[in-house]
>>> print(open('data_13.txt').read())   # compact mmCIF, C-alpha atoms
# COMPACT_ATOMS: atom_id res chain seq x y z
CA MET A 197 -3.53 -11.87 -4.66
CA LYS A 198 -0.83 -10.09 -2.71
CA PHE A 199 2.21 -12.27 -2.16
CA ARG A 200 5.49 -10.73 -1.11
CA SER A 201 8.22 -12.30 0.95
CA ARG A 202 11.10 -9.87 0.95
CA ASP A 203 10.32 -8.86 4.55
CA VAL A 204 10.18 -12.43 5.87
CA GLN A 205 12.90 -13.16 8.41
CA ILE A 206 14.81 -16.38 7.70
CA CYS A 207 18.35 -17.59 8.38
CA VAL A 208 19.68 -17.97 4.82
CA VAL A 209 20.66 -15.55 2.10
CA ILE A 210 19.08 -15.95 -1.34
CA SER A 211 20.46 -13.76 -4.09
CA HIS A 212 17.74 -14.15 -6.72
CA GLY A 213 13.98 -14.19 -6.67
CA LYS A 214 11.44 -16.06 -8.80
CA ARG A 215 7.68 -16.23 -8.92
CA TYR A 216 5.85 -19.52 -8.60
CA ASP A 217 2.10 -19.19 -9.20
CA GLY A 218 2.23 -15.59 -8.05
CA GLU A 219 4.14 -16.20 -4.84
CA TYR A 220 7.28 -14.19 -4.37
CA GLU A 221 10.49 -15.79 -3.11
CA PHE A 222 13.37 -13.26 -2.90
CA GLN A 223 14.89 -10.72 -5.26
CA ALA A 224 17.75 -8.93 -3.60
CA GLY A 225 20.04 -10.47 -1.02
CA TRP A 226 18.08 -10.87 2.17
CA GLU A 227 20.76 -9.36 4.38
CA MET A 228 20.80 -6.09 2.40
CA ASN A 229 17.01 -5.86 2.36
CA HIS A 230 16.67 -6.68 6.04
CA ARG A 231 19.24 -4.04 6.94
CA GLN A 232 17.36 -1.45 4.88
CA ILE A 233 14.09 -2.31 6.62
CA GLU A 234 15.76 -1.99 10.02
CA GLU A 235 17.29 1.37 9.06
CA TRP A 236 14.02 2.90 7.89
CA ASP A 237 11.99 1.43 10.76
CA SER A 238 14.58 2.83 13.18
CA LEU A 239 14.50 6.26 11.55
CA LEU A 240 10.71 6.37 11.60
CA LYS A 241 10.66 4.82 15.11
CA ILE A 242 8.26 2.04 14.11
CA LYS A 243 8.23 -1.75 13.72
CA THR A 244 6.54 -2.94 10.53
CA SER A 245 8.49 -5.91 9.14
CA GLY A 246 7.13 -9.40 8.57
CA ARG A 247 4.34 -11.02 6.60
CA ASP A 248 1.17 -12.12 8.41
CA ASP A 249 -1.43 -14.40 6.85
CA SER A 250 -2.84 -15.86 10.06
CA ILE A 251 -6.42 -14.66 9.43
CA SER A 252 -6.31 -14.05 5.69
CA ASN A 253 -8.86 -15.71 3.44
CA THR A 254 -10.06 -15.70 -0.16
CA ILE A 255 -11.29 -12.11 -0.01
CA ASN A 256 -8.98 -10.50 2.57
CA TYR A 257 -5.34 -11.00 1.65
CA PRO A 258 -2.27 -11.32 3.93
CA TYR A 259 -0.49 -8.38 5.49
CA GLU A 260 2.67 -7.63 3.55
CA PRO A 261 4.24 -4.16 3.88
CA THR A 262 5.30 -2.25 0.77
CA ASN A 263 9.06 -2.26 0.44
CA TYR A 264 10.84 0.95 1.37
CA PRO A 265 12.53 1.46 -2.04
CA VAL A 266 9.07 1.49 -3.61
CA LEU A 267 7.83 3.98 -1.04
CA GLU A 268 10.85 6.20 -1.67
CA ARG A 269 10.07 6.29 -5.38
CA PHE A 270 6.39 6.88 -4.64
CA ALA A 271 7.16 9.83 -2.36
CA ASN A 272 9.61 11.33 -4.83
CA ALA A 273 7.13 11.19 -7.71
CA GLY A 274 5.47 14.39 -6.49
CA TYR A 275 1.86 13.21 -6.47
CA ILE A 276 1.46 13.66 -2.72
CA ARG A 277 2.10 16.95 -0.94
CA LYS A 278 1.63 18.48 2.49
CA ALA A 279 -1.96 19.60 1.81
CA ASP A 280 -3.09 16.11 0.81
CA CYS A 281 -4.78 13.41 2.87
CA LEU A 282 -3.76 9.84 2.01
CA LEU A 283 -5.99 6.84 2.73
CA ASP A 284 -4.28 3.42 2.85
CA TYR A 285 -6.58 0.41 2.47
CA GLY A 286 -5.24 -2.65 4.29
CA CYS A 287 -2.74 -0.55 6.20
CA GLY A 288 -1.45 -3.33 8.46
CA LYS A 289 1.05 -1.90 10.93
CA GLY A 290 1.01 1.49 9.19
CA ARG A 291 4.26 1.61 7.20
CA VAL A 292 2.81 3.48 4.21
CA GLY A 293 1.15 6.13 6.35
CA PHE A 294 4.13 6.72 8.61
CA PHE A 295 6.56 6.87 5.70
CA MET A 296 4.51 9.13 3.43
CA SER A 297 3.59 11.48 6.27
CA TYR A 298 7.27 11.72 7.17
CA GLN A 299 8.50 12.26 3.61
CA THR A 300 5.75 14.49 2.22
CA ARG A 301 4.22 15.95 5.42
CA CYS A 302 0.77 14.82 4.27
CA ARG A 303 -1.92 13.56 6.63
CA SER A 304 -2.64 9.85 6.39
CA ILE A 305 -5.42 7.49 7.41
CA GLY A 306 -5.01 3.73 7.54
CA ILE A 307 -7.80 1.18 7.80
CA ASP A 308 -7.62 -2.59 8.22
CA TYR A 309 -10.12 -5.32 9.08
CA ASP A 310 -7.62 -7.07 11.38
CA GLU A 311 -7.77 -5.72 14.93
CA ARG A 312 -4.27 -7.05 15.67
CA MET A 313 -2.79 -5.12 12.77
CA ILE A 314 -4.52 -1.92 13.85
CA GLN A 315 -3.29 -2.43 17.39
CA GLY A 316 0.21 -2.73 15.95
CA ALA A 317 -0.26 0.50 14.00
CA LEU A 318 -1.55 2.31 17.09
CA THR A 319 1.42 1.05 19.08
CA ASN A 320 3.74 2.36 16.36
CA GLN A 321 1.87 5.68 16.37
CA LYS A 322 2.93 6.33 19.96
CA THR A 323 6.61 6.41 19.01
CA ALA A 324 6.56 7.31 15.30
CA VAL A 325 8.18 10.59 14.27
CA SER A 326 5.15 11.28 12.03
CA GLY A 327 2.60 9.82 14.45
CA ARG A 328 0.67 13.04 14.95
CA ARG A 329 -0.15 13.20 11.24
CA THR A 330 -1.58 9.67 11.13
CA GLU A 331 -4.83 7.97 12.11
CA PHE A 332 -5.74 4.28 12.14
CA PHE A 333 -9.09 2.54 12.32
CA CYS A 334 -10.34 -1.04 12.37
CA GLU A 335 -12.94 -0.95 9.61
CA ASN A 336 -14.67 -3.06 6.99
CA ALA A 337 -13.32 -1.57 3.76
CA GLY A 338 -16.52 -2.17 1.82
CA ARG A 339 -18.59 -0.22 4.35
CA TYR A 340 -16.07 2.47 5.31
CA ALA A 341 -17.38 6.01 4.74
CA VAL A 342 -14.50 7.83 3.04
CA PRO A 343 -13.79 11.19 4.76
CA ALA A 344 -14.47 14.29 2.68
CA ASP A 345 -10.86 15.46 2.85
CA VAL A 346 -9.31 12.25 1.52
CA ASN A 347 -7.89 12.94 -1.95
CA ARG A 348 -5.14 10.31 -2.32
CA ILE A 349 -5.78 6.56 -1.95
CA TYR A 350 -3.26 3.70 -1.85
CA PHE A 351 -3.79 -0.02 -2.48
CA PHE A 352 -1.36 -2.94 -2.36
CA ASN A 353 -3.82 -5.71 -3.34
CA PRO A 354 -5.42 -5.75 0.13
CA PHE A 355 -8.56 -7.63 -0.87
CA SER A 356 -10.48 -9.30 -3.69
CA VAL A 357 -12.05 -7.55 -6.68
CA GLU A 358 -15.44 -8.13 -5.07
CA ILE A 359 -14.47 -5.96 -2.11
CA LEU A 360 -12.78 -3.48 -4.46
CA GLU A 361 -16.18 -3.01 -6.13
CA GLN A 362 -17.70 -2.04 -2.79
CA VAL A 363 -14.77 0.25 -1.98
CA LEU A 364 -15.08 2.07 -5.30
CA ALA A 365 -18.77 2.61 -4.58
CA ARG A 366 -17.98 4.17 -1.18
CA ILE A 367 -15.30 6.41 -2.72
CA THR A 368 -17.71 7.51 -5.45
CA GLU A 369 -20.29 8.41 -2.82
CA SER A 370 -17.70 10.56 -1.03
CA TYR A 371 -16.74 12.19 -4.32
CA TYR A 372 -20.33 13.18 -5.12
CA GLU A 373 -20.84 14.52 -1.60
CA ASN A 374 -17.67 16.61 -1.88
CA PRO A 375 -16.39 16.86 -5.50
CA ARG A 376 -12.57 17.03 -5.70
CA GLU A 377 -9.74 15.42 -7.61
CA ILE A 378 -8.95 12.01 -6.13
CA LEU A 379 -5.84 10.09 -7.17
CA PHE A 380 -5.70 6.31 -6.78
CA PHE A 381 -2.37 4.46 -6.48
CA PHE A 382 -2.33 0.71 -7.13
CA TYR A 383 0.99 -0.95 -6.34
CA TYR A 384 1.77 -4.34 -7.91
CA PRO A 385 -1.70 -4.56 -9.48
CA SER A 386 -3.16 -7.90 -10.48
CA ASP A 387 -4.76 -8.48 -13.88
CA ASP A 388 -8.14 -8.71 -12.16
CA TYR A 389 -7.64 -5.31 -10.56
CA ILE A 390 -6.48 -3.71 -13.81
CA GLY A 391 -9.39 -5.18 -15.75
CA ARG A 392 -11.89 -3.85 -13.23
CA LEU A 393 -10.31 -0.40 -13.05
CA MET A 394 -10.21 -0.01 -16.82
CA ARG A 395 -13.96 -0.64 -16.93
CA GLU A 396 -14.75 1.98 -14.26
CA ASP A 397 -16.39 5.00 -15.93
CA MET A 398 -15.48 7.29 -13.04
CA LEU A 399 -11.76 6.58 -13.33
CA GLU A 400 -9.22 7.83 -15.83
CA PHE A 401 -5.79 6.19 -16.17
CA LEU A 402 -3.26 8.94 -15.49
CA ASP A 403 0.26 7.55 -15.18
CA GLU A 404 2.40 4.79 -13.74
CA ILE A 405 5.53 4.73 -11.64
CA SER A 406 7.83 1.91 -12.73
CA CYS A 407 9.62 0.01 -9.99
CA GLU A 408 11.04 -2.83 -12.09
CA ASP A 409 14.61 -1.60 -11.80
CA LEU A 410 14.48 -1.71 -8.01
CA PHE A 411 14.57 -5.51 -8.03
CA GLU A 412 16.26 -8.24 -10.03
CA SER A 413 13.28 -10.12 -11.42
CA ASN A 414 12.26 -7.64 -14.16
CA ASP A 415 8.67 -8.18 -13.13
CA SER A 416 6.27 -5.99 -15.12
CA ARG A 417 3.91 -5.88 -12.13
CA GLU A 418 6.51 -3.89 -10.22
CA ARG A 419 4.78 -0.57 -10.78
CA ILE A 420 2.32 1.82 -9.23
CA MET A 421 -0.60 2.50 -11.55
CA ILE A 422 -2.26 5.87 -11.04
CA PHE A 423 -5.90 6.64 -11.77
CA ARG A 424 -7.83 9.87 -11.34
CA MET A 425 -11.42 10.59 -10.35
CA GLU A 426 -12.38 14.14 -11.22
>>> encode(input="data_13.txt", output="structure tokens")
Amino acid sequence: MKFRSRDVQICVVISHGKRYDGEYEFQAGWEMNHRQIEEWDSLLKIKTSGRDDSISNTINYPYEPTNYPVLERFANAGYIRKADCLLDYGCGKGRVGFFMSYQTRCRSIGIDYDERMIQGALTNQKTAVSGRRTEFFCENAGRYAVPADVNRIYFFNPFSVEILEQVLARITESYYENPREILFFFYYPSDDYIGRLMREDMLEFLDEISCEDLFESNDSRERIMIFRME
């Protein structure tokens, strides 16, 4: 499951982070992280901070935005360029799409099952510096028909492996309808996700982007695993 708490706003400063049964406490000093979030949100002209688990359940996991240092490393890795179209599953308020469209000039699409999150993304889109290169839709991920021009796909543990199975089927359908190289990016992947992906005949493990050094916990899950469908 996706548990991150570095964006949570509290009134104390904690200098170290630990995991307890998969739940993240804090890694860097909260003040530094919060300032960084505010700086990037201000630059992008969006508001994306905060964790939201108000309607999460056993198959749809809480909204938790990817941290900006991870997104910076992702953008700088060179896997996404201006000609690409990035699809973000469980987009929440749209941070990944706005950031990647700003940094790489790619087009981005975000989908989420939570109407409130999509409304937040659409509100951000009105002011975002990269808003014209983004789209957001309230959709059921397992039934979403993947557009023919999508060739980059991002996941931050948005849902259970059961829904991932359905999503992979929809992506495969899109691939057969319009064959092209599709790259999959899985940030902070769970063992269940990795096990399922390694058994998928249509996917080839390509690379990983380590993010362990960005935080103090030396957590081996701090990485973006990259798979290719071709």
>>> atom_distance(input="data_13.txt", atom1="CA of Tyr372 (chain A)", atom2="CA of Ala344 (chain A)")
9.8 Å
>>> closest_atom_pairs(input="data_13.txt", of="region 342-426 of chain A", to="region 300-322 of chain A", cutoff="12 Å", atoms="all atoms listed in the file", output="JSON lines")
{"residue": "A:Val342", "atom": "CA", "partner": "A:Ile305", "partner_atom": "CA", "distance": 10.1}
{"residue": "A:Pro343", "atom": "CA", "partner": "A:Ile305", "partner_atom": "CA", "distance": 9.5}
{"residue": "A:Asp345", "atom": "CA", "partner": "A:Arg303", "partner_atom": "CA", "distance": 9.9}
{"residue": "A:Val346", "atom": "CA", "partner": "A:Ile305", "partner_atom": "CA", "distance": 8.5}
{"residue": "A:Asn347", "atom": "CA", "partner": "A:Ser304", "partner_atom": "CA", "distance": 10.3}
{"residue": "A:Arg348", "atom": "CA", "partner": "A:Ser304", "partner_atom": "CA", "distance": 9.1}
{"residue": "A:Ile349", "atom": "CA", "partner": "A:Ile305", "partner_atom": "CA", "distance": 9.4}
{"residue": "A:Tyr350", "atom": "CA", "partner": "A:Gly306", "partner_atom": "CA", "distance": 9.6}
{"residue": "A:Phe351", "atom": "CA", "partner": "A:Gly306", "partner_atom": "CA", "distance": 10.8}
{"residue": "A:Pro354", "atom": "CA", "partner": "A:Asp308", "partner_atom": "CA", "distance": 9.0}
{"residue": "A:Phe355", "atom": "CA", "partner": "A:Tyr309", "partner_atom": "CA", "distance": 10.3}
>>> write_last_selection(input="data_13.txt", atoms="C-alpha atoms", output="mmCIF file, in the coordinates of the input")
data_model
loop_
_atom_site.group_PDB
_atom_site.id
_atom_site.type_symbol
_atom_site.label_atom_id
_atom_site.label_comp_id
_atom_site.auth_asym_id
_atom_site.auth_seq_id
_atom_site.Cartn_x
_atom_site.Cartn_y
_atom_site.Cartn_z
ATOM 1 C CA VAL A 342 -14.500 7.830 3.040
ATOM 2 C CA PRO A 343 -13.790 11.190 4.760
ATOM 3 C CA ASP A 345 -10.860 15.460 2.850
ATOM 4 C CA VAL A 346 -9.310 12.250 1.520
ATOM 5 C CA ASN A 347 -7.890 12.940 -1.950
ATOM 6 C CA ARG A 348 -5.140 10.310 -2.320
ATOM 7 C CA ILE A 349 -5.780 6.560 -1.950
ATOM 8 C CA TYR A 350 -3.260 3.700 -1.850
ATOM 9 C CA PHE A 351 -3.790 -0.020 -2.480
ATOM 10 C CA PRO A 354 -5.420 -5.750 0.130
ATOM 11 C CA PHE A 355 -8.560 -7.630 -0.870
#
>>> closest_residue(input="data_13.txt", among="A:Met425, A:Val363, A:Ile378, A:Ile420", to="Glu400 (chain A)", atoms="all atoms listed in the file")
A:Met425
>>> closest_residue(input="data_13.txt", among="A:Glu418, A:Glu404, A:Glu358, A:Glu377", to="Arg392 (chain A)", atoms="all atoms listed in the file")
A:Glu358
>>> atom_distance(input="data_13.txt", atom1="CA of Gly286 (chain A)", atom2="CA of Glu373 (chain A)")
23.9 Å
>>> atom_distance(input="data_13.txt", atom1="CA of Pro258 (chain A)", atom2="CA of Ala341 (chain A)")
23.0 Å
>>> residues_around(input="data_13.txt", residues="region 405-408 of chain A", least_positions_apart="6", cutoff="7 Å", atoms="all atoms listed in the file", output="short mmCIF file (atom, residue, chain, number, x, y, z; two decimals) with C-alpha atoms, in the coordinates of the input")
data_model
loop_
_atom_site.label_atom_id
_atom_site.label_comp_id
_atom_site.auth_asym_id
_atom_site.auth_seq_id
_atom_site.Cartn_x
_atom_site.Cartn_y
_atom_site.Cartn_z
CA VAL A 266 9.07 1.49 -3.61
CA ASN A 414 12.26 -7.64 -14.16
CA ASP A 415 8.67 -8.18 -13.13
CA SER A 416 6.27 -5.99 -15.12
CA GLU A 418 6.51 -3.89 -10.22
CA ARG A 419 4.78 -0.57 -10.78
CA ILE A 420 2.32 1.82 -9.23
CA MET A 421 -0.60 2.50 -11.55
#
>>> closest_residue(input="data_13.txt", among="A:Trp236, A:Phe380, A:Tyr340, A:Phe352", to="Pro261 (chain A)", atoms="all atoms listed in the file")
A:Phe352
>>> closest_residue(input="data_13.txt", among="A:Ser386, A:Asn374, A:Asn272, A:Thr262", to="Cys287 (chain A)", atoms="all atoms listed in the file")
A:Thr262
>>> closest_residue(input="data_13.txt", among="A:Ile422, A:Leu402, A:Leu410, A:Ala324", to="Ser238 (chain A)", atoms="only C-alpha atoms")
A:Ala324
>>> closest_residue(input="data_13.txt", among="A:Ser413, A:Asn353, A:Thr368, A:Gln299", to="Glu260 (chain A)", atoms="all atoms listed in the file")
A:Asn353
